[in-house]
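Data block below; observations after.
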Amino acid sequence: MYETASTYLWIIPTAPFLAGLLTFIIGPKFRRYSYLPCILSGILSFVCALIVFKEVHSATKALDIVNPPSVSVSYFEWFRTGDPNLVGDGWRKAGGLRAEFSLRLDPLSASMALMVSFLGTVIAFFATGYLRDHHGKCDPGYPRFFAEVALFLGSMLLLVLADNLVLLYAGWEGVGLCSYLLIGFWFEKPSAARAARKAFLVTRLGDVALFLGFAVLWVHCGCRLDFESILNPENFTGGLGLACLLLFLGACGKSAQFPLHVWLPDAMEGPTPVSALIHAATMVTAGVYLLARFMPLFASVADVQMAVTGIAAITSLMAAWIALFQTDLKRILAYSTMSQLGYMFMALGSGFDSKSGLPFLAFSAAMFHLMTHAFFKALLFLSAGSVLHSMHHVGDLRRIGGLRKVLPITHLAFLFGALALAGVPPFAGFWSKDEILSVVHAASGQSAFPWFYILVWIVGIFTAFLTALYTFRAYFLVFHGPLKLPEEVHGQASESPWTLTCPLIILAVFALFAGWLLAPDSIFSLSSFLSHVPGLPHVPPQGHDWLTVGLATSAGLGGVALAWFKFGKNSGVVPFEERTGIWAELGKNKFYFDELFSLLIVHPLQWLFLLWKVLDHYLLDGIVDLLAHFPRLLAGVFKPMQNGLVQFYALAMLLALTVFLLALSKTM
Amino acid sequence: MKFDTWMTWTNLVLLLGWAGVFLALPRREGKLRLLISFPVLLGCLGAGLTLYFREYRFNIETLLFLFFALGAIVGGAGLVLSASPARGAMSFTMAVISTGGIFLLLAAPFVMAATIIVYAGAIIVTFLFLLMLARQNGSDLSDQESRDPLLASLAGFLFMATMTNILLDAFPGSTGAVANQLQALVKETIEIGKMNDLQALREKAGAGEGSLLSRYKAAFGGSGYWVERIETDIQKSGRFSFTQAKDLKEVKLALTGLEGIANDFLYDRNFLHPPRIKGHALSTLSGTDPSLPISEIRKDASGKPAMPAENSAFIGRSLFSDYLLSVELAGLLLLAATIGAILIAKNPSARANP
Amino acid sequence: MSPIDLKAYLVLGAILFGLGLVGFLTRRNMIIMFLSAELMLQGVAVDFLAFGRFRGNWQGQSFVLFILTVAACEAAIAMGLVYTLYRLKNSLDSGKWSDLREEGLDSPDDLEGAWAPAEKPDYPVLPLAGIKPQSGEETSHV
């Protein structure tokens, strides 16, 4: 089996990467067609991922000892320091560090690679139309966009396929860089440049923690970096709790969890396909993937898991509350993404008892939600993008409305996405959200702190209600009520071209069926496929937790219904964004996090830098200027010697020569 | 470096020369200065002649050398001192022709011919032509006014004195005679070194007039670098003392030291067989093997190494065997210089004001 | 008293070299400077030849021949340069050329202004052959 797989595996991350480089070089020559390398390489990656996925899938069915469904394919030794013959302590003291360019092939990475390459291709296709104006004229940065998207795809695929910490980190930083570049795609806009910088710096905080976490893992795991050794808690001499906490901090940065969430809403300054691909479907889920990948380690540290769940609950509730008060369509979706990521972390944090089946249930629930969320959130973003494209980039809910008739396909697509997000059966979100809440409920039964998980469970159900409410608030405000068009479009709004609607239709189908298909008791069950990921004790699918399912579904339906009464019927209630009161103010001002950060971190740093500036300008520069003055004084003495007369120079040479000769004759 | 009377006199001659040249260097005014400079320069020449005749036996070779050397020096002085460039150029011609005579004395007729053709024939003619071209409008003040006469002439003569003193220091007396004396002394030292009686050894090599040490010093001319070396290495350091030596071993060590200094000198002057250099670069077509001791080279009647009369033939053999690549490169250099000269001289005003 | 030896030739070479040096340092005329440099080369040539003679080989003479070649090249280039420089400043004074001096220094030419090149004398121009010169009054310079 693995001959085929290893033949195709390396193509998956390499093809988009090379395509990105190619586009950088020759893209500006062929502006209108510069999307071709990106999309073709995306299709190539997808096909290879499909082949690889099929291999893994058949291996899971065969359950063959010779061909286990989890294997590491090593291509070449990337770098090595220290003596390779030393092992254990000697190896560590010698500063041993060895990393191979090896890719991991197991159900987790195969399904992630398939999802990423598929969504990447579809969204890149969407972008080919999105980045042209209504006359078909390309954006000035057209080739740059596709080069960066291709680089992003390569890095993301490397991240999910990596088989050691170094390679994983390389992919991690690669996606961070591409995220920065793409948020700042319209860098002429000061707000976009500022948002890109903010995203880069905030995620950088998380990256530092991640790096430290990797270092702790490396030190305590006999200096090994490959997942085979790392993912076994028995290999560790200690430091597991610290490492897991640091890894979670890293994941917080990348996946926009409290308190490092502040960059994600601002990241919406980037083009909408970027928001869909990077800031909804793939990159922000890298943190979830990281924790899922390291689940065997996290399962053995229950304290850290509680922190994970707590942070996740706070994030999801807070983000849902803020989303309720936003007036910008993309911003609502951004907070919604944060909230949904919180759900996933909530599930991951519930897998704390490494002996029981809980970690596996938590892991598969989080991955399930990751998959369905990727599809329906990409769908929502692309629909929003389609709206923005038609409305000449006006996304303010107060200025648009009643677009149902104008944008029929977009309307349906957005509706499908919203239903999936709200958790209305049988749409995708219904299945996965229930899984997560069931896991949390199950965790409360086994934890030493049952009240904590019960609280989280209640928060989760309340968040489900809020989710439905804000989603359908946006839906009703945009698509229902009297027709409102911003003055930019001059009353000539029409449905987006086919390049935009095609991806919408594809994703809408997925939003409808993905949850049902991948649910634990269906034939394409994701959880039974993922059960072949080694390191976690597998349990068969549990019966449905009917209490949770009932509560969550009714919360979602209740939210939809409330939204209909408040906004759909046009009953003339005070819009949310104009309400007053402490909770509304908190929601409108995003819980004052930006202000808090600026007060606690940015301002003290600015004062410090002012001090440094004064020191630098007066003290250091003064010293340097003083030092520079001495040579000038000295030069004033010797300057007249450079008088340009050949004979004077010859005379000086002659005198020097005489001195040398005399000295030489003395020592002869 | 230690000054003996001979060196003192040489330096006096140079001092006179400097004074004369300084006084005679062209300046706008000062006829008196020019008048004083003549006797000074003449005195310098006379003192030099005296020194020369005190040093060398009077025969036809010394006379010819004197004649050509005087011609070269006077010609060179004329070039430096004459205010008129044309007269200076003619003086230079005289210097070149006199140097040609010196070349003849040095058994190099081909080089002499080439020098006279190239310098006196080509260079002087072109430059005289250039002078005439440039001097259509009378004399130039810059020819009548030297630059920094005091400092420049002082520096030049200081350099000349340094070189001369080093030469005289390195060649005490007549080199061949010194070498002969030294070789005999070394032989005697080895003989003495074979004795085993401390008392007798001391008597033979002991201090005072006629001792081995003073004979060595006398052989080196009584002063200069080599005598200094004997004094510091043998006399002043207690290690090699003859008189204070307690046992036979120390005296023998001192004797070996003396022998070593003498051998150093002989190596230095090529009288001994120096360590052979493996894979020597030049063939015997360029002359005898340089590692051959000079005493083994065939001598002519004057005591100098014999050179064949077929000068051009032998130079040709040397040039076209050992120096073939250099000859080709020299040809290339001439071609490059030709092209360069044409380019430089072409229409300079057009390049200056484009 | 001895026959003439290496020392005498070397001293002669040193004297020629030193005289050339003094000439190069003091004289302002570029042609005289060049000839002084050649005189220094003559002194070196005497040394080389003497060394070769007293060692009994041809290496000294070969070297002098190469020196001669280089001197010839040098003369050709120097003549071109001197003529170019003369055309530019209408003077052979090397002190007129000090453009590479340090910025802000005055010209080191101490003869500046002390002497101005005379106007070019008005030489008669030859007419084309066979044509009667266009002249006004017949004047006699005799």
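Scheme for the structure tokens: letters A, B, ... for chains in order shown; per-chain residue numbers from 1; ligand numbers from 1 in order shown.
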| Counting only C-alpha atoms, which residues from chain B have an atom at most 12 Å from any atom of chain A, and could you show them as a ChimeraX atom specification? | /B:1-2,146-170,224-226,228-229,265,268
Saved selection, atoms kept: C-alpha atoms, as a PDB file, in the first residue's frame:
```pdb
ATOM      1  CA  MET B   1      77.056  49.959  11.970  1.00  0.00           C
ATOM      2  CA  LYS B   2      80.361  51.373  13.002  1.00  0.00           C
ATOM      3  CA  SER B 146      63.246  73.871  -7.951  1.00  0.00           C
ATOM      4  CA  ARG B 147      60.668  72.452  -5.653  1.00  0.00           C
ATOM      5  CA  ASP B 148      61.728  72.190  -1.975  1.00  0.00           C
ATOM      6  CA  PRO B 149      65.461  72.235  -2.791  1.00  0.00           C
ATOM      7  CA  LEU B 150      66.636  71.798   0.814  1.00  0.00           C
ATOM      8  CA  LEU B 151      64.310  69.031   1.942  1.00  0.00           C
ATOM      9  CA  ALA B 152      64.330  67.109  -1.324  1.00  0.00           C
ATOM     10  CA  SER B 153      68.093  67.146  -1.811  1.00  0.00           C
ATOM     11  CA  LEU B 154      68.636  66.298   1.843  1.00  0.00           C
ATOM     12  CA  ALA B 155      66.286  63.342   1.581  1.00  0.00           C
ATOM     13  CA  GLY B 156      67.890  62.166  -1.641  1.00  0.00           C
ATOM     14  CA  PHE B 157      71.413  62.347  -0.292  1.00  0.00           C
ATOM     15  CA  LEU B 158      70.354  60.778   3.015  1.00  0.00           C
ATOM     16  CA  PHE B 159      69.106  57.853   1.024  1.00  0.00           C
ATOM     17  CA  MET B 160      72.281  57.751  -1.025  1.00  0.00           C
ATOM     18  CA  ALA B 161      74.385  57.841   2.143  1.00  0.00           C
ATOM     19  CA  THR B 162      72.334  55.062   3.710  1.00  0.00           C
ATOM     20  CA  MET B 163      72.871  52.831   0.712  1.00  0.00           C
ATOM     21  CA  THR B 164      76.561  53.608   0.445  1.00  0.00           C
ATOM     22  CA  ASN B 165      77.178  53.031   4.117  1.00  0.00           C
ATOM     23  CA  ILE B 166      75.346  49.738   4.080  1.00  0.00           C
ATOM     24  CA  LEU B 167      77.357  48.675   1.040  1.00  0.00           C
ATOM     25  CA  LEU B 168      80.656  49.638   2.609  1.00  0.00           C
ATOM     26  CA  ASP B 169      79.628  47.971   5.837  1.00  0.00           C
ATOM     27  CA  ALA B 170      78.770  44.782   4.033  1.00  0.00           C
ATOM     28  CA  GLY B 224      81.439  46.733  10.978  1.00  0.00           C
ATOM     29  CA  TYR B 225      78.678  44.259  11.349  1.00  0.00           C
ATOM     30  CA  TRP B 226      80.805  41.100  11.476  1.00  0.00           C
ATOM     31  CA  GLU B 228      80.206  43.536  16.172  1.00  0.00           C
ATOM     32  CA  ARG B 229      78.856  40.045  15.952  1.00  0.00           C
ATOM     33  CA  PHE B 265      80.126  35.478   6.128  1.00  0.00           C
ATOM     34  CA  ASP B 268      76.739  35.372   2.581  1.00  0.00           C
TER      35      ASP B 268
END
```
Tell me, counting only C-alpha atoms, for each residue of chain C within 6 Å of chain B, which pair of atoms is nearest and how far apart they are in Å to one decimal, in rows ordered by chain and increasing number, as JSON lines.
```
{"residue": "C:Met1", "atom": "CA", "partner": "B:Tyr56", "partner_atom": "CA", "distance": 4.6}
{"residue": "C:Ser2", "atom": "CA", "partner": "B:Tyr56", "partner_atom": "CA", "distance": 4.9}
{"residue": "C:Pro3", "atom": "CA", "partner": "B:Arg57", "partner_atom": "CA", "distance": 5.6}
{"residue": "C:Val11", "atom": "CA", "partner": "B:Thr164", "partner_atom": "CA", "distance": 6.0}
{"residue": "C:Gly18", "atom": "CA", "partner": "B:Met160", "partner_atom": "CA", "distance": 5.1}
{"residue": "C:Leu21", "atom": "CA", "partner": "B:Gly156", "partner_atom": "CA", "distance": 5.8}
{"residue": "C:Val22", "atom": "CA", "partner": "B:Gly156", "partner_atom": "CA", "distance": 5.1}
{"residue": "C:Gly23", "atom": "CA", "partner": "B:Val80", "partner_atom": "CA", "distance": 4.7}
{"residue": "C:Leu25", "atom": "CA", "partner": "B:Ala152", "partner_atom": "CA", "distance": 5.8}
{"residue": "C:Thr26", "atom": "CA", "partner": "B:Arg147", "partner_atom": "CA", "distance": 4.6}
{"residue": "C:Arg27", "atom": "CA", "partner": "B:Ser146", "partner_atom": "CA", "distance": 5.3}
{"residue": "C:Arg28", "atom": "CA", "partner": "B:Ser142", "partner_atom": "CA", "distance": 5.8}
{"residue": "C:Arg53", "atom": "CA", "partner": "B:Leu106", "partner_atom": "CA", "distance": 5.9}
{"residue": "C:Gly56", "atom": "CA", "partner": "B:Pro305", "partner_atom": "CA", "distance": 5.0}
{"residue": "C:Asn57", "atom": "CA", "partner": "B:Gly287", "partner_atom": "CA", "distance": 3.7}
{"residue": "C:Trp58", "atom": "CA", "partner": "B:Ser286", "partner_atom": "CA", "distance": 5.0}
{"residue": "C:Gln59", "atom": "CA", "partner": "B:Ser286", "partner_atom": "CA", "distance": 5.9}
{"residue": "C:Cys73", "atom": "CA", "partner": "B:Ala337", "partner_atom": "CA", "distance": 5.3}
{"residue": "C:Ala76", "atom": "CA", "partner": "B:Ala341", "partner_atom": "CA", "distance": 5.8}
{"residue": "C:Ile77", "atom": "CA", "partner": "B:Ala341", "partner_atom": "CA", "distance": 4.7}
{"residue": "C:Gly80", "atom": "CA", "partner": "B:Ala345", "partner_atom": "CA", "distance": 4.7}
{"residue": "C:Thr84", "atom": "CA", "partner": "B:Pro348", "partner_atom": "CA", "distance": 5.6}
{"residue": "C:Asp93", "atom": "CA", "partner": "B:Ser142", "partner_atom": "CA", "distance": 6.0}
```
Let's have the selection written as a PDB file, in the first residue's frame, with N, CA, C and O atoms.
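Below is the file that was written, out_28.pdb:
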```pdb
ATOM      1  N   MET C   1      94.927  48.547  -1.352  1.00  0.00           N
ATOM      2  CA  MET C   1      94.986  48.649  -2.816  1.00  0.00           C
ATOM      3  C   MET C   1      94.642  47.295  -3.432  1.00  0.00           C
ATOM      4  O   MET C   1      95.268  46.289  -3.161  1.00  0.00           O
ATOM      5  N   SER C   2      93.636  47.305  -4.225  1.00  0.00           N
ATOM      6  CA  SER C   2      93.205  46.036  -4.823  1.00  0.00           C
ATOM      7  C   SER C   2      92.661  46.331  -6.209  1.00  0.00           C
ATOM      8  O   SER C   2      92.394  47.489  -6.535  1.00  0.00           O
ATOM      9  N   PRO C   3      92.503  45.288  -7.025  1.00  0.00           N
ATOM     10  CA  PRO C   3      91.824  45.525  -8.313  1.00  0.00           C
ATOM     11  C   PRO C   3      90.376  45.932  -8.065  1.00  0.00           C
ATOM     12  O   PRO C   3      89.835  45.743  -6.975  1.00  0.00           O
ATOM     13  N   VAL C  11      78.522  51.118  -5.521  1.00  0.00           N
ATOM     14  CA  VAL C  11      78.519  52.517  -5.067  1.00  0.00           C
ATOM     15  C   VAL C  11      78.156  53.441  -6.212  1.00  0.00           C
ATOM     16  O   VAL C  11      77.367  54.386  -6.065  1.00  0.00           O
ATOM     17  N   GLY C  18      70.719  57.884  -6.494  1.00  0.00           N
ATOM     18  CA  GLY C  18      70.457  59.035  -5.628  1.00  0.00           C
ATOM     19  C   GLY C  18      70.334  60.324  -6.416  1.00  0.00           C
ATOM     20  O   GLY C  18      69.454  61.145  -6.148  1.00  0.00           O
ATOM     21  N   LEU C  21      67.066  60.436  -7.999  1.00  0.00           N
ATOM     22  CA  LEU C  21      66.056  60.700  -6.977  1.00  0.00           C
ATOM     23  C   LEU C  21      65.940  62.199  -6.702  1.00  0.00           C
ATOM     24  O   LEU C  21      64.833  62.769  -6.679  1.00  0.00           O
ATOM     25  N   VAL C  22      67.095  62.826  -6.513  1.00  0.00           N
ATOM     26  CA  VAL C  22      67.079  64.269  -6.231  1.00  0.00           C
ATOM     27  C   VAL C  22      66.428  65.018  -7.394  1.00  0.00           C
ATOM     28  O   VAL C  22      65.598  65.910  -7.198  1.00  0.00           O
ATOM     29  N   GLY C  23      66.765  64.596  -8.612  1.00  0.00           N
ATOM     30  CA  GLY C  23      66.174  65.255  -9.770  1.00  0.00           C
ATOM     31  C   GLY C  23      64.675  65.075  -9.812  1.00  0.00           C
ATOM     32  O   GLY C  23      63.916  66.013 -10.074  1.00  0.00           O
ATOM     33  N   LEU C  25      62.703  64.610  -7.370  1.00  0.00           N
ATOM     34  CA  LEU C  25      62.027  65.316  -6.285  1.00  0.00           C
ATOM     35  C   LEU C  25      62.009  66.823  -6.491  1.00  0.00           C
ATOM     36  O   LEU C  25      61.085  67.501  -6.065  1.00  0.00           O
ATOM     37  N   THR C  26      63.074  67.361  -7.114  1.00  0.00           N
ATOM     38  CA  THR C  26      63.166  68.823  -7.126  1.00  0.00           C
ATOM     39  C   THR C  26      62.690  69.464  -8.423  1.00  0.00           C
ATOM     40  O   THR C  26      62.163  70.566  -8.389  1.00  0.00           O
ATOM     41  N   ARG C  27      62.883  68.797  -9.528  1.00  0.00           N
ATOM     42  CA  ARG C  27      62.582  69.485 -10.779  1.00  0.00           C
ATOM     43  C   ARG C  27      61.083  69.459 -11.070  1.00  0.00           C
ATOM     44  O   ARG C  27      60.405  68.475 -10.797  1.00  0.00           O
ATOM     45  N   ARG C  28      60.599  70.557 -11.663  1.00  0.00           N
ATOM     46  CA  ARG C  28      59.163  70.662 -11.928  1.00  0.00           C
ATOM     47  C   ARG C  28      58.788  70.211 -13.327  1.00  0.00           C
ATOM     48  O   ARG C  28      57.636  69.872 -13.584  1.00  0.00           O
ATOM     49  N   ARG C  53      78.080  39.957 -13.315  1.00  0.00           N
ATOM     50  CA  ARG C  53      79.479  39.827 -13.715  1.00  0.00           C
ATOM     51  C   ARG C  53      80.292  39.114 -12.639  1.00  0.00           C
ATOM     52  O   ARG C  53      81.093  38.233 -12.927  1.00  0.00           O
ATOM     53  N   GLY C  56      79.387  35.536 -12.459  1.00  0.00           N
ATOM     54  CA  GLY C  56      79.672  34.774 -13.666  1.00  0.00           C
ATOM     55  C   GLY C  56      78.436  34.168 -14.315  1.00  0.00           C
ATOM     56  O   GLY C  56      78.470  33.046 -14.777  1.00  0.00           O
ATOM     57  N   ASN C  57      77.308  34.908 -14.346  1.00  0.00           N
ATOM     58  CA  ASN C  57      76.154  34.349 -15.071  1.00  0.00           C
ATOM     59  C   ASN C  57      75.443  35.434 -15.876  1.00  0.00           C
ATOM     60  O   ASN C  57      75.851  36.599 -15.873  1.00  0.00           O
ATOM     61  N   TRP C  58      74.354  35.040 -16.568  1.00  0.00           N
ATOM     62  CA  TRP C  58      73.672  35.932 -17.510  1.00  0.00           C
ATOM     63  C   TRP C  58      72.390  36.509 -16.943  1.00  0.00           C
ATOM     64  O   TRP C  58      71.676  37.196 -17.650  1.00  0.00           O
ATOM     65  N   GLN C  59      72.129  36.177 -15.702  1.00  0.00           N
ATOM     66  CA  GLN C  59      70.825  36.603 -15.173  1.00  0.00           C
ATOM     67  C   GLN C  59      70.722  38.120 -15.053  1.00  0.00           C
ATOM     68  O   GLN C  59      69.691  38.718 -15.344  1.00  0.00           O
ATOM     69  N   CYS C  73      58.522  51.081 -23.015  1.00  0.00           N
ATOM     70  CA  CYS C  73      57.064  51.218 -22.919  1.00  0.00           C
ATOM     71  C   CYS C  73      56.712  52.466 -22.123  1.00  0.00           C
ATOM     72  O   CYS C  73      55.843  53.260 -22.513  1.00  0.00           O
ATOM     73  N   ALA C  76      57.118  55.578 -24.052  1.00  0.00           N
ATOM     74  CA  ALA C  76      56.055  55.820 -25.031  1.00  0.00           C
ATOM     75  C   ALA C  76      54.816  56.384 -24.344  1.00  0.00           C
ATOM     76  O   ALA C  76      54.259  57.416 -24.768  1.00  0.00           O
ATOM     77  N   ILE C  77      54.405  55.710 -23.277  1.00  0.00           N
ATOM     78  CA  ILE C  77      53.207  56.172 -22.561  1.00  0.00           C
ATOM     79  C   ILE C  77      53.457  57.567 -21.982  1.00  0.00           C
ATOM     80  O   ILE C  77      52.598  58.458 -22.058  1.00  0.00           O
ATOM     81  N   GLY C  80      53.144  60.287 -24.491  1.00  0.00           N
ATOM     82  CA  GLY C  80      51.743  60.577 -24.784  1.00  0.00           C
ATOM     83  C   GLY C  80      51.097  61.383 -23.671  1.00  0.00           C
ATOM     84  O   GLY C  80      50.426  62.393 -23.915  1.00  0.00           O
ATOM     85  N   THR C  84      49.723  65.212 -23.767  1.00  0.00           N
ATOM     86  CA  THR C  84      48.318  65.489 -23.459  1.00  0.00           C
ATOM     87  C   THR C  84      48.196  66.544 -22.371  1.00  0.00           C
ATOM     88  O   THR C  84      47.438  67.516 -22.492  1.00  0.00           O
ATOM     89  N   ASP C  93      54.721  72.107 -16.338  1.00  0.00           N
ATOM     90  CA  ASP C  93      54.919  72.121 -14.895  1.00  0.00           C
ATOM     91  C   ASP C  93      54.041  71.050 -14.232  1.00  0.00           C
ATOM     92  O   ASP C  93      52.819  71.056 -14.384  1.00  0.00           O
TER      93      ASP C  93
END
```
Q: Check every residue of chain C for an atom within 8 Å of chain A, counting only C-alpha atoms, and provide those that qualify as a VMD selection string.
A: chain C and resid 24 to 26 94 to 95 97 to 102 105 107 to 108
Practice prompt. List every residue of range 11-101 of chain C that DSSP, applied to the backbone, labels as helix (DSSP H, G or I), and write the result as a VMD selection string.
Written response: chain C and resid 11 to 26 30 to 55 59 to 89 94 to 96
Could you name the residues that touch Leu6 in chain C at 8 Å or less, counting only C-alpha atoms, but leaving out those on the same chain fewer than 6 positions away, as a ChimeraX atom specification? /C:50-51,54
Exercise. Show which residues sit within 8 Å of range 290-294 of chain A, as a PyMOL selection string. Count only C-alpha atoms, and ignore same-chain residues fewer than 3 positions away.
Key: chain A and resi 108+231+247-248+251+286-287+297-298+348+363+366-367
Using CA of Leu419 in chain A and CA of Gly385 in chain A as the two end points, give the distance in Å to one decimal.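 Spanning CA of Leu419 in chain A to CA of Gly385 in chain A is a straight-line distance of 18.0 Å.
Between CA of Leu403 in chain A and CA of Leu483 in chain A the interatomic distance comes to 6.2 Å.
The protein and nucleic acid residues lying at most 10 Å from Glu269 in chain A are Leu182, Ile183, Gly184, Phe185, Trp186, Phe187, Lys189, Ser191, Ala192, Ala193, Arg194, Ala195, Ala196, Ser275, Lys330 and Arg331 of chain A, with only C-alpha atoms considered and sequence neighbours fewer than 6 positions away removed.
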Quiz prompt | Residues near range 373-382 of chain A, cut-off 6 Å, only C-alpha atoms, skip fewer than 6 positions along chain, as a VMD selection string | solution = chain A and resid 276 281 414 417 507 511
Those residues with all heavy atoms, as a short mmCIF file (atom, residue, chain, number, x, y, z; two decimals), in the first residue's frame please?
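New file result-v7.cif:
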```cif
data_model
loop_
_atom_site.label_atom_id
_atom_site.label_comp_id
_atom_site.auth_asym_id
_atom_site.auth_seq_id
_atom_site.Cartn_x
_atom_site.Cartn_y
_atom_site.Cartn_z
N ALA A 276 -12.22 33.42 4.14
CA ALA A 276 -12.87 32.12 4.09
C ALA A 276 -11.84 31.01 4.25
O ALA A 276 -12.03 30.07 5.01
CB ALA A 276 -13.60 31.98 2.76
N ALA A 281 -11.63 28.45 7.56
CA ALA A 281 -11.63 27.01 7.29
C ALA A 281 -10.33 26.33 7.70
O ALA A 281 -10.36 25.27 8.30
CB ALA A 281 -11.89 26.77 5.81
N PHE A 414 -26.31 31.27 1.56
CA PHE A 414 -26.13 31.83 2.90
C PHE A 414 -27.11 31.18 3.87
O PHE A 414 -26.75 30.87 5.02
CB PHE A 414 -26.34 33.35 2.86
CG PHE A 414 -25.86 34.06 4.09
CD1 PHE A 414 -24.58 34.58 4.13
CD2 PHE A 414 -26.66 34.18 5.21
CE1 PHE A 414 -24.12 35.21 5.27
CE2 PHE A 414 -26.20 34.81 6.35
CZ PHE A 414 -24.92 35.33 6.37
N GLY A 417 -25.81 27.85 4.88
CA GLY A 417 -24.70 28.00 5.81
C GLY A 417 -25.20 28.41 7.19
O GLY A 417 -24.77 27.88 8.22
N LEU A 507 -20.33 24.10 -2.07
CA LEU A 507 -20.20 24.12 -0.61
C LEU A 507 -21.55 23.99 0.07
O LEU A 507 -21.66 23.42 1.16
CB LEU A 507 -19.49 25.39 -0.16
CG LEU A 507 -18.01 25.43 -0.53
CD1 LEU A 507 -17.39 26.75 -0.13
CD2 LEU A 507 -17.28 24.29 0.16
N ALA A 511 -22.60 21.62 3.00
CA ALA A 511 -23.17 22.08 4.27
C ALA A 511 -24.43 21.30 4.60
O ALA A 511 -24.77 21.09 5.76
CB ALA A 511 -23.48 23.57 4.19
#
```
